[in-house]
file data.cif (mmCIF, N, CA and C atoms)
data_final
loop_
_atom_site.label_atom_id
_atom_site.label_comp_id
_atom_site.auth_asym_id
_atom_site.auth_seq_id
_atom_site.Cartn_x
_atom_site.Cartn_y
_atom_site.Cartn_z
N MET A 1 52.36 -47.22 -46.74
CA MET A 1 52.19 -45.94 -46.06
C MET A 1 50.71 -45.58 -46.06
N PRO A 2 50.05 -45.62 -44.92
CA PRO A 2 48.63 -45.27 -44.89
C PRO A 2 48.44 -43.77 -45.06
N THR A 3 47.45 -43.39 -45.84
CA THR A 3 47.10 -41.98 -46.01
C THR A 3 45.59 -41.84 -46.05
N LEU A 4 45.12 -40.66 -45.71
CA LEU A 4 43.70 -40.34 -45.76
C LEU A 4 43.57 -38.95 -46.34
N CYS A 5 42.78 -38.80 -47.39
CA CYS A 5 42.57 -37.50 -48.02
C CYS A 5 41.07 -37.22 -48.06
N LEU A 6 40.69 -36.03 -47.61
CA LEU A 6 39.30 -35.62 -47.61
C LEU A 6 39.14 -34.37 -48.46
N PRO A 7 38.05 -34.27 -49.22
CA PRO A 7 37.82 -33.04 -49.97
C PRO A 7 37.55 -31.89 -49.00
N ILE A 8 37.82 -30.68 -49.43
CA ILE A 8 37.65 -29.53 -48.53
C ILE A 8 36.56 -28.58 -48.99
N THR A 9 35.67 -29.04 -49.83
CA THR A 9 34.68 -28.12 -50.40
C THR A 9 33.25 -28.45 -50.02
N TRP A 10 33.03 -29.09 -48.86
CA TRP A 10 31.66 -29.41 -48.47
C TRP A 10 30.91 -28.16 -48.09
N PRO A 11 29.62 -28.09 -48.42
CA PRO A 11 28.80 -27.01 -47.87
C PRO A 11 28.39 -27.39 -46.45
N VAL A 12 28.96 -26.74 -45.48
CA VAL A 12 28.69 -27.07 -44.08
C VAL A 12 27.45 -26.32 -43.64
N THR A 13 26.50 -27.05 -43.05
CA THR A 13 25.19 -26.47 -42.78
C THR A 13 24.69 -26.74 -41.37
N CYS A 14 25.51 -26.56 -40.38
CA CYS A 14 25.02 -26.78 -39.02
C CYS A 14 24.06 -25.65 -38.67
N LEU A 15 22.82 -26.00 -38.48
CA LEU A 15 21.78 -25.02 -38.19
C LEU A 15 21.55 -24.94 -36.69
N PHE A 16 21.12 -23.77 -36.21
CA PHE A 16 20.79 -23.65 -34.80
C PHE A 16 19.70 -24.62 -34.39
N THR A 17 18.87 -25.05 -35.36
CA THR A 17 17.81 -25.99 -35.01
C THR A 17 18.37 -27.34 -34.61
N CYS A 18 19.68 -27.59 -34.83
CA CYS A 18 20.30 -28.84 -34.37
C CYS A 18 20.33 -28.90 -32.85
N LEU A 19 20.34 -27.78 -32.23
CA LEU A 19 20.49 -27.73 -30.78
C LEU A 19 19.14 -27.57 -30.10
N SER A 20 18.83 -28.52 -29.26
CA SER A 20 17.54 -28.44 -28.57
C SER A 20 17.48 -27.24 -27.64
N GLU A 21 18.62 -26.86 -27.03
CA GLU A 21 18.55 -25.72 -26.12
C GLU A 21 18.32 -24.41 -26.86
N TYR A 22 18.79 -24.29 -28.10
CA TYR A 22 18.51 -23.10 -28.87
C TYR A 22 17.06 -23.10 -29.33
N GLY A 23 16.56 -24.26 -29.72
CA GLY A 23 15.18 -24.36 -30.16
C GLY A 23 14.18 -24.09 -29.05
N SER A 24 14.60 -24.30 -27.80
CA SER A 24 13.69 -24.09 -26.68
C SER A 24 13.79 -22.68 -26.12
N GLY A 25 14.54 -21.81 -26.79
CA GLY A 25 14.60 -20.41 -26.37
C GLY A 25 15.75 -20.08 -25.45
N SER A 26 16.64 -21.02 -25.18
CA SER A 26 17.79 -20.74 -24.33
C SER A 26 18.77 -19.83 -25.05
N GLU A 27 19.56 -19.13 -24.27
CA GLU A 27 20.56 -18.24 -24.83
C GLU A 27 21.72 -19.04 -25.42
N PRO A 28 22.36 -18.50 -26.45
CA PRO A 28 23.57 -19.14 -26.96
C PRO A 28 24.61 -19.26 -25.85
N SER A 29 25.42 -20.32 -25.92
CA SER A 29 26.39 -20.58 -24.86
C SER A 29 27.62 -21.26 -25.45
N THR A 30 28.68 -21.32 -24.65
CA THR A 30 29.86 -22.05 -25.10
C THR A 30 29.55 -23.54 -25.23
N GLU A 31 28.66 -24.06 -24.41
CA GLU A 31 28.26 -25.47 -24.53
C GLU A 31 27.57 -25.70 -25.87
N GLY A 32 26.76 -24.75 -26.30
CA GLY A 32 26.12 -24.84 -27.61
C GLY A 32 27.13 -24.75 -28.74
N ASP A 33 28.15 -23.90 -28.55
CA ASP A 33 29.21 -23.79 -29.55
C ASP A 33 30.00 -25.09 -29.65
N VAL A 34 30.24 -25.75 -28.52
CA VAL A 34 30.94 -27.03 -28.53
C VAL A 34 30.11 -28.06 -29.30
N PHE A 35 28.80 -28.07 -29.06
CA PHE A 35 27.92 -28.98 -29.80
C PHE A 35 28.03 -28.71 -31.29
N SER A 36 27.96 -27.45 -31.67
CA SER A 36 28.06 -27.09 -33.09
C SER A 36 29.39 -27.53 -33.68
N TYR A 37 30.47 -27.40 -32.93
CA TYR A 37 31.77 -27.83 -33.40
C TYR A 37 31.78 -29.35 -33.61
N GLY A 38 31.17 -30.08 -32.68
CA GLY A 38 31.08 -31.53 -32.82
C GLY A 38 30.32 -31.92 -34.08
N VAL A 39 29.22 -31.24 -34.34
CA VAL A 39 28.45 -31.51 -35.55
C VAL A 39 29.29 -31.20 -36.78
N LEU A 40 30.05 -30.12 -36.74
CA LEU A 40 30.94 -29.77 -37.85
C LEU A 40 31.94 -30.90 -38.11
N LEU A 41 32.57 -31.43 -37.07
CA LEU A 41 33.50 -32.55 -37.26
C LEU A 41 32.80 -33.74 -37.91
N LEU A 42 31.60 -34.05 -37.42
CA LEU A 42 30.87 -35.19 -37.98
C LEU A 42 30.49 -34.93 -39.44
N GLU A 43 30.12 -33.71 -39.76
CA GLU A 43 29.80 -33.35 -41.15
C GLU A 43 31.03 -33.54 -42.04
N ILE A 44 32.16 -33.03 -41.60
CA ILE A 44 33.37 -33.09 -42.42
C ILE A 44 33.75 -34.53 -42.73
N PHE A 45 33.71 -35.39 -41.74
CA PHE A 45 34.22 -36.74 -41.94
C PHE A 45 33.19 -37.72 -42.48
N THR A 46 31.91 -37.39 -42.40
CA THR A 46 30.90 -38.25 -43.01
C THR A 46 30.45 -37.72 -44.37
N GLY A 47 30.63 -36.42 -44.59
CA GLY A 47 30.13 -35.81 -45.82
C GLY A 47 28.61 -35.67 -45.79
N ARG A 48 28.02 -35.82 -44.63
CA ARG A 48 26.56 -35.73 -44.48
C ARG A 48 26.21 -34.44 -43.73
N ARG A 49 25.00 -33.97 -43.96
CA ARG A 49 24.49 -32.77 -43.28
C ARG A 49 23.54 -33.18 -42.16
N PRO A 50 23.41 -32.33 -41.16
CA PRO A 50 22.45 -32.66 -40.09
C PRO A 50 21.02 -32.73 -40.61
N THR A 51 20.77 -32.10 -41.74
CA THR A 51 19.41 -32.08 -42.30
C THR A 51 19.17 -33.19 -43.31
N ASP A 52 20.18 -34.06 -43.55
CA ASP A 52 20.00 -35.17 -44.49
C ASP A 52 18.98 -36.17 -43.96
N ASN A 53 18.42 -36.94 -44.87
CA ASN A 53 17.55 -38.05 -44.50
C ASN A 53 18.42 -39.26 -44.21
N PHE A 54 18.17 -39.91 -43.09
CA PHE A 54 18.92 -41.10 -42.71
C PHE A 54 17.97 -42.28 -42.72
N MET A 55 18.54 -43.48 -42.82
CA MET A 55 17.72 -44.69 -42.91
C MET A 55 17.66 -45.40 -41.56
N ASP A 56 16.84 -46.45 -41.51
CA ASP A 56 16.75 -47.34 -40.36
C ASP A 56 16.35 -46.64 -39.06
N GLY A 57 15.48 -45.66 -39.15
CA GLY A 57 14.98 -45.00 -37.95
C GLY A 57 15.93 -43.99 -37.34
N VAL A 58 17.09 -43.79 -37.94
CA VAL A 58 18.06 -42.81 -37.45
C VAL A 58 17.63 -41.44 -38.00
N ILE A 59 17.46 -40.48 -37.10
CA ILE A 59 16.91 -39.21 -37.55
C ILE A 59 17.87 -38.03 -37.46
N THR A 60 19.06 -38.23 -36.90
CA THR A 60 20.02 -37.13 -36.81
C THR A 60 21.41 -37.61 -37.21
N LEU A 61 22.25 -36.67 -37.58
CA LEU A 61 23.63 -36.98 -37.91
C LEU A 61 24.35 -37.59 -36.72
N VAL A 62 24.12 -37.04 -35.55
CA VAL A 62 24.79 -37.54 -34.35
C VAL A 62 24.41 -39.00 -34.11
N LYS A 63 23.14 -39.33 -34.23
CA LYS A 63 22.71 -40.72 -34.02
C LYS A 63 23.25 -41.63 -35.12
N TYR A 64 23.34 -41.11 -36.33
CA TYR A 64 23.92 -41.85 -37.45
C TYR A 64 25.35 -42.28 -37.12
N VAL A 65 26.12 -41.36 -36.57
CA VAL A 65 27.51 -41.66 -36.21
C VAL A 65 27.54 -42.58 -34.98
N ARG A 66 26.68 -42.34 -34.00
CA ARG A 66 26.66 -43.20 -32.80
C ARG A 66 26.37 -44.65 -33.15
N VAL A 67 25.49 -44.88 -34.12
CA VAL A 67 25.16 -46.24 -34.53
C VAL A 67 26.39 -46.93 -35.14
N ALA A 68 27.21 -46.18 -35.86
CA ALA A 68 28.37 -46.75 -36.54
C ALA A 68 29.61 -46.84 -35.65
N TYR A 69 29.63 -46.06 -34.60
CA TYR A 69 30.82 -45.96 -33.75
C TYR A 69 30.89 -47.11 -32.76
N PRO A 70 32.00 -47.76 -32.58
CA PRO A 70 33.31 -47.56 -33.19
C PRO A 70 33.62 -48.53 -34.33
N ASP A 71 32.78 -49.54 -34.53
CA ASP A 71 33.14 -50.64 -35.42
C ASP A 71 32.89 -50.42 -36.90
N LYS A 72 32.09 -49.44 -37.26
CA LYS A 72 31.71 -49.28 -38.67
C LYS A 72 32.06 -47.89 -39.21
N LEU A 73 33.15 -47.32 -38.74
CA LEU A 73 33.52 -45.96 -39.14
C LEU A 73 33.81 -45.85 -40.63
N LEU A 74 34.43 -46.85 -41.21
CA LEU A 74 34.70 -46.79 -42.65
C LEU A 74 33.41 -46.79 -43.46
N ASN A 75 32.35 -47.37 -42.92
CA ASN A 75 31.06 -47.38 -43.62
C ASN A 75 30.43 -46.00 -43.69
N ILE A 76 30.75 -45.13 -42.73
CA ILE A 76 30.14 -43.80 -42.72
C ILE A 76 31.11 -42.71 -43.16
N LEU A 77 32.36 -43.06 -43.40
CA LEU A 77 33.34 -42.09 -43.88
C LEU A 77 32.87 -41.53 -45.21
N ASP A 78 33.05 -40.25 -45.43
CA ASP A 78 32.67 -39.60 -46.67
C ASP A 78 33.14 -40.43 -47.86
N ALA A 79 32.24 -40.72 -48.77
CA ALA A 79 32.56 -41.56 -49.94
C ALA A 79 33.63 -40.95 -50.81
N SER A 80 33.81 -39.63 -50.76
CA SER A 80 34.83 -38.99 -51.59
C SER A 80 36.19 -38.98 -50.91
N ALA A 81 36.27 -39.44 -49.65
CA ALA A 81 37.56 -39.54 -48.98
C ALA A 81 38.32 -40.72 -49.57
N THR A 82 39.59 -40.54 -49.74
CA THR A 82 40.41 -41.63 -50.25
C THR A 82 41.43 -42.01 -49.18
N HIS A 83 41.78 -43.26 -49.14
CA HIS A 83 42.80 -43.70 -48.20
C HIS A 83 43.56 -44.87 -48.81
N SER A 84 44.78 -45.01 -48.38
CA SER A 84 45.59 -46.12 -48.86
C SER A 84 46.47 -46.59 -47.71
N GLY A 85 47.01 -47.76 -47.85
CA GLY A 85 47.89 -48.29 -46.82
C GLY A 85 47.11 -49.09 -45.81
N ASP A 86 47.61 -49.11 -44.60
CA ASP A 86 47.03 -49.90 -43.51
C ASP A 86 45.75 -49.22 -43.01
N THR A 87 44.62 -49.68 -43.52
CA THR A 87 43.33 -49.06 -43.20
C THR A 87 43.04 -49.11 -41.70
N GLN A 88 43.36 -50.22 -41.06
CA GLN A 88 43.09 -50.32 -39.62
C GLN A 88 43.90 -49.31 -38.84
N ARG A 89 45.12 -49.04 -39.29
CA ARG A 89 45.95 -48.04 -38.61
C ARG A 89 45.32 -46.65 -38.74
N ILE A 90 44.78 -46.33 -39.91
CA ILE A 90 44.10 -45.05 -40.11
C ILE A 90 42.90 -44.93 -39.18
N VAL A 91 42.12 -46.00 -39.09
CA VAL A 91 40.95 -46.00 -38.21
C VAL A 91 41.39 -45.81 -36.76
N ASP A 92 42.36 -46.60 -36.32
CA ASP A 92 42.79 -46.56 -34.92
C ASP A 92 43.44 -45.24 -34.53
N MET A 93 44.28 -44.72 -35.40
CA MET A 93 45.05 -43.54 -35.06
C MET A 93 44.30 -42.23 -35.29
N PHE A 94 43.42 -42.21 -36.28
CA PHE A 94 42.82 -40.93 -36.66
C PHE A 94 41.29 -40.94 -36.62
N LEU A 95 40.65 -41.86 -37.32
CA LEU A 95 39.20 -41.81 -37.41
C LEU A 95 38.53 -42.08 -36.06
N TYR A 96 38.98 -43.12 -35.38
CA TYR A 96 38.39 -43.42 -34.08
C TYR A 96 38.45 -42.22 -33.13
N PRO A 97 39.64 -41.59 -32.94
CA PRO A 97 39.68 -40.44 -32.03
C PRO A 97 38.88 -39.23 -32.53
N ILE A 98 38.86 -38.99 -33.83
CA ILE A 98 38.12 -37.83 -34.35
C ILE A 98 36.62 -38.02 -34.16
N PHE A 99 36.11 -39.19 -34.49
CA PHE A 99 34.68 -39.43 -34.29
C PHE A 99 34.33 -39.45 -32.81
N LYS A 100 35.21 -39.99 -31.98
CA LYS A 100 34.99 -39.97 -30.52
C LYS A 100 34.89 -38.54 -30.02
N LEU A 101 35.78 -37.68 -30.50
CA LEU A 101 35.77 -36.27 -30.12
C LEU A 101 34.48 -35.59 -30.59
N GLY A 102 34.10 -35.82 -31.84
CA GLY A 102 32.86 -35.23 -32.35
C GLY A 102 31.66 -35.65 -31.52
N LEU A 103 31.57 -36.93 -31.17
CA LEU A 103 30.45 -37.40 -30.36
C LEU A 103 30.49 -36.84 -28.94
N ALA A 104 31.70 -36.70 -28.37
CA ALA A 104 31.82 -36.13 -27.03
C ALA A 104 31.35 -34.68 -27.00
N CYS A 105 31.55 -33.97 -28.10
CA CYS A 105 31.07 -32.59 -28.19
C CYS A 105 29.56 -32.52 -28.35
N CYS A 106 28.95 -33.60 -28.80
CA CYS A 106 27.52 -33.62 -29.12
C CYS A 106 26.66 -34.33 -28.08
N GLU A 107 27.16 -34.43 -26.87
CA GLU A 107 26.35 -35.02 -25.80
C GLU A 107 25.04 -34.24 -25.67
N ASP A 108 23.96 -34.95 -25.38
CA ASP A 108 22.65 -34.29 -25.27
C ASP A 108 22.64 -33.23 -24.18
N SER A 109 23.20 -33.55 -23.04
CA SER A 109 23.21 -32.60 -21.93
C SER A 109 24.40 -31.66 -22.05
N PRO A 110 24.16 -30.36 -22.06
CA PRO A 110 25.27 -29.41 -22.14
C PRO A 110 26.32 -29.63 -21.04
N ARG A 111 25.89 -30.07 -19.86
CA ARG A 111 26.82 -30.30 -18.74
C ARG A 111 27.79 -31.44 -19.03
N HIS A 112 27.39 -32.37 -19.89
CA HIS A 112 28.22 -33.54 -20.17
C HIS A 112 29.12 -33.37 -21.39
N ARG A 113 29.01 -32.25 -22.07
CA ARG A 113 29.85 -32.01 -23.25
C ARG A 113 31.27 -31.65 -22.81
N MET A 114 32.21 -31.92 -23.69
CA MET A 114 33.60 -31.53 -23.41
C MET A 114 33.70 -30.01 -23.31
N LYS A 115 34.63 -29.56 -22.52
CA LYS A 115 34.96 -28.14 -22.48
C LYS A 115 35.85 -27.83 -23.68
N ILE A 116 35.75 -26.62 -24.20
CA ILE A 116 36.49 -26.28 -25.42
C ILE A 116 38.00 -26.43 -25.22
N ASN A 117 38.50 -26.13 -24.03
CA ASN A 117 39.94 -26.31 -23.77
C ASN A 117 40.33 -27.78 -23.93
N ASP A 118 39.46 -28.68 -23.48
CA ASP A 118 39.74 -30.11 -23.61
C ASP A 118 39.63 -30.57 -25.06
N VAL A 119 38.74 -29.94 -25.82
CA VAL A 119 38.62 -30.25 -27.25
C VAL A 119 39.93 -29.91 -27.95
N VAL A 120 40.47 -28.73 -27.66
CA VAL A 120 41.74 -28.30 -28.27
C VAL A 120 42.87 -29.24 -27.87
N LYS A 121 42.92 -29.62 -26.59
CA LYS A 121 43.96 -30.56 -26.14
C LYS A 121 43.85 -31.88 -26.88
N GLU A 122 42.65 -32.37 -27.05
CA GLU A 122 42.44 -33.65 -27.73
C GLU A 122 42.84 -33.56 -29.21
N LEU A 123 42.46 -32.46 -29.87
CA LEU A 123 42.87 -32.27 -31.26
C LEU A 123 44.39 -32.24 -31.40
N ASN A 124 45.05 -31.56 -30.48
CA ASN A 124 46.51 -31.51 -30.51
C ASN A 124 47.13 -32.88 -30.26
N ALA A 125 46.52 -33.66 -29.38
CA ALA A 125 47.02 -35.02 -29.13
C ALA A 125 46.89 -35.89 -30.37
N ILE A 126 45.77 -35.77 -31.07
CA ILE A 126 45.56 -36.52 -32.32
C ILE A 126 46.60 -36.09 -33.35
N LYS A 127 46.81 -34.80 -33.46
CA LYS A 127 47.79 -34.26 -34.41
C LYS A 127 49.19 -34.77 -34.08
N ARG A 128 49.57 -34.72 -32.80
CA ARG A 128 50.91 -35.19 -32.40
C ARG A 128 51.09 -36.68 -32.70
N ALA A 129 50.06 -37.47 -32.44
CA ALA A 129 50.14 -38.91 -32.71
C ALA A 129 50.34 -39.16 -34.20
N CYS A 130 49.61 -38.44 -35.02
CA CYS A 130 49.75 -38.60 -36.47
C CYS A 130 51.12 -38.15 -36.94
N GLU A 131 51.60 -37.02 -36.42
CA GLU A 131 52.92 -36.52 -36.81
C GLU A 131 54.03 -37.49 -36.39
N ALA A 132 53.90 -38.06 -35.19
CA ALA A 132 54.90 -39.00 -34.71
C ALA A 132 54.91 -40.25 -35.59
N HIS A 133 53.73 -40.70 -35.96
CA HIS A 133 53.64 -41.87 -36.82
C HIS A 133 54.22 -41.57 -38.20
N MET A 134 53.94 -40.39 -38.71
CA MET A 134 54.45 -40.01 -40.02
C MET A 134 55.97 -39.94 -40.02
N ALA A 135 56.55 -39.44 -38.95
CA ALA A 135 58.01 -39.32 -38.86
C ALA A 135 58.68 -40.68 -38.85
N VAL A 136 58.04 -41.65 -38.21
CA VAL A 136 58.62 -42.99 -38.09
C VAL A 136 58.33 -43.84 -39.31
N HIS A 137 57.10 -43.74 -39.84
CA HIS A 137 56.65 -44.64 -40.90
C HIS A 137 56.48 -43.96 -42.25
N GLU A 138 56.87 -42.70 -42.36
CA GLU A 138 56.67 -41.95 -43.60
C GLU A 138 55.23 -42.05 -44.07
N PHE A 139 54.31 -41.76 -43.21
CA PHE A 139 52.84 -41.83 -43.40
C PHE A 139 52.43 -41.09 -44.59
#
call {"tool": "encode", "arguments": {"input": "data.cif", "output": "structure tokens"}}
result
Amino acid sequence: MPTLCLPITWPVTCLFTCLSEYGSGSEPSTEGDVFSYGVLLLEIFTGRRPTDNFMDGVITLVKYVRVAYPDKLLNILDASATHSGDTQRIVDMFLYPIFKLGLACCEDSPRHRMKINDVVKELNAIKRACEAHMAVHEF
């Protein structure tokens, strides 16, 4: 039975300086909120902050995840997360879609970011897939 457990006590620190449009004096927007939500997802599942130091020339959390996506997600998963069972199933069913969603929210151009309604639909689809799997396989 594959399982994934994440701690819930991270200090989440998405700063407005993460957003280039806020740093350039633009007004707050729903597109900026979507970006912030994407960063939050990436923070939760990597256990890293946008202000952390990254290696190998990677300077942002978003780029850190983009470099690992899709083949090295377990390498960037928060070290305090625990999982058991079929690891590939966890990656395919949950981690891959969650990281994909986080990255889609963090597109550089506000016009290319997901709309919040689509973010909610995608989260619900991920939840339904996990629930369906749990019902059949006692996840």
call {"tool": "atom_distance", "arguments": {"input": "data.cif", "atom1": "CA of Glu122 in chain A", "atom2": "atom C of Gln88 in chain A"}}
result
19.3 Å
call {"tool": "resolve_selection", "arguments": {"input": "data.cif", "expression": "the PyMOL selection byres (((chain A and resi 106 and name CA) around 6) and name CA)", "output": "list in words"}}
result
Phe35, Gly38, Leu103, Ala104, Cys105 and Glu107 of chain A
call {"tool": "closest_residue", "arguments": {"input": "data.cif", "among": "A:Val67, A:Leu77, A:Val119, A:Ile90", "to": "Glu43 in chain A", "atoms": "only C-alpha atoms"}}
result
A:Leu77
call {"tool": "select_by_dssp", "arguments": {"input": "data.cif", "residues": "range 22-100 of chain A", "states": "alpha helix (DSSP H)", "output": "ChimeraX atom specification"}}
result
/A:22-23,30-46,61-68,73-76,87-90,96-100
call {"tool": "atom_distance", "arguments": {"input": "data.cif", "atom1": "CA of Arg128 in chain A", "atom2": "atom C of Val62 in chain A"}}
result
26.8 Å
call {"tool": "closest_residue", "arguments": {"input": "data.cif", "among": "A:Ile76, A:Val65, A:Thr60, A:Pro110", "to": "Gly32 in chain A", "atoms": "all atoms listed in the file"}}
result
A:Pro110
call {"tool": "axis_aligned_box", "arguments": {"input": "data.cif", "around": "range 28-39 of chain A", "padding_each_side": "4 Å", "output": "AutoDock Vina command-line options"}}
result
--center_x 27.1 --center_y -25.2 --center_z -30.6 --size_x 17.4 --size_y 21.4 --size_z 20.4
call {"tool": "resolve_selection", "arguments": {"input": "data.cif", "expression": "the PyMOL selection byres ((chain A and resi 45-51) around 7)", "output": "VMD selection string"}}
result
chain A and resid 13 to 15 40 to 44 52 to 54 59 to 62 76 to 79
call {"tool": "closest_residue", "arguments": {"input": "data.cif", "among": "A:Val34, A:Ala81, A:Val58, A:Val39", "to": "Lys115 in chain A", "atoms": "only C-alpha atoms"}}
result
A:Val34
call {"tool": "atom_distance", "arguments": {"input": "data.cif", "atom1": "atom N of Arg113 in chain A", "atom2": "atom C of Pro28 in chain A"}}
result
14.2 Å
call {"tool": "closest_residue", "arguments": {"input": "data.cif", "among": "A:Leu123, A:Arg66, A:Asp56, A:Asn117", "to": "Leu101 in chain A", "atoms": "only C-alpha atoms"}}
result
A:Leu123
call {"tool": "closest_residue", "arguments": {"input": "data.cif", "among": "A:Tyr69, A:Glu31, A:His133, A:Lys63", "to": "Phe99 in chain A", "atoms": "only N, CA and C atoms"}}
result
A:Tyr69
call {"tool": "closest_residue", "arguments": {"input": "data.cif", "among": "A:Ala68, A:Met114, A:Val120, A:Leu74", "to": "Phe94 in chain A", "atoms": "only C-alpha atoms"}}
result
A:Leu74
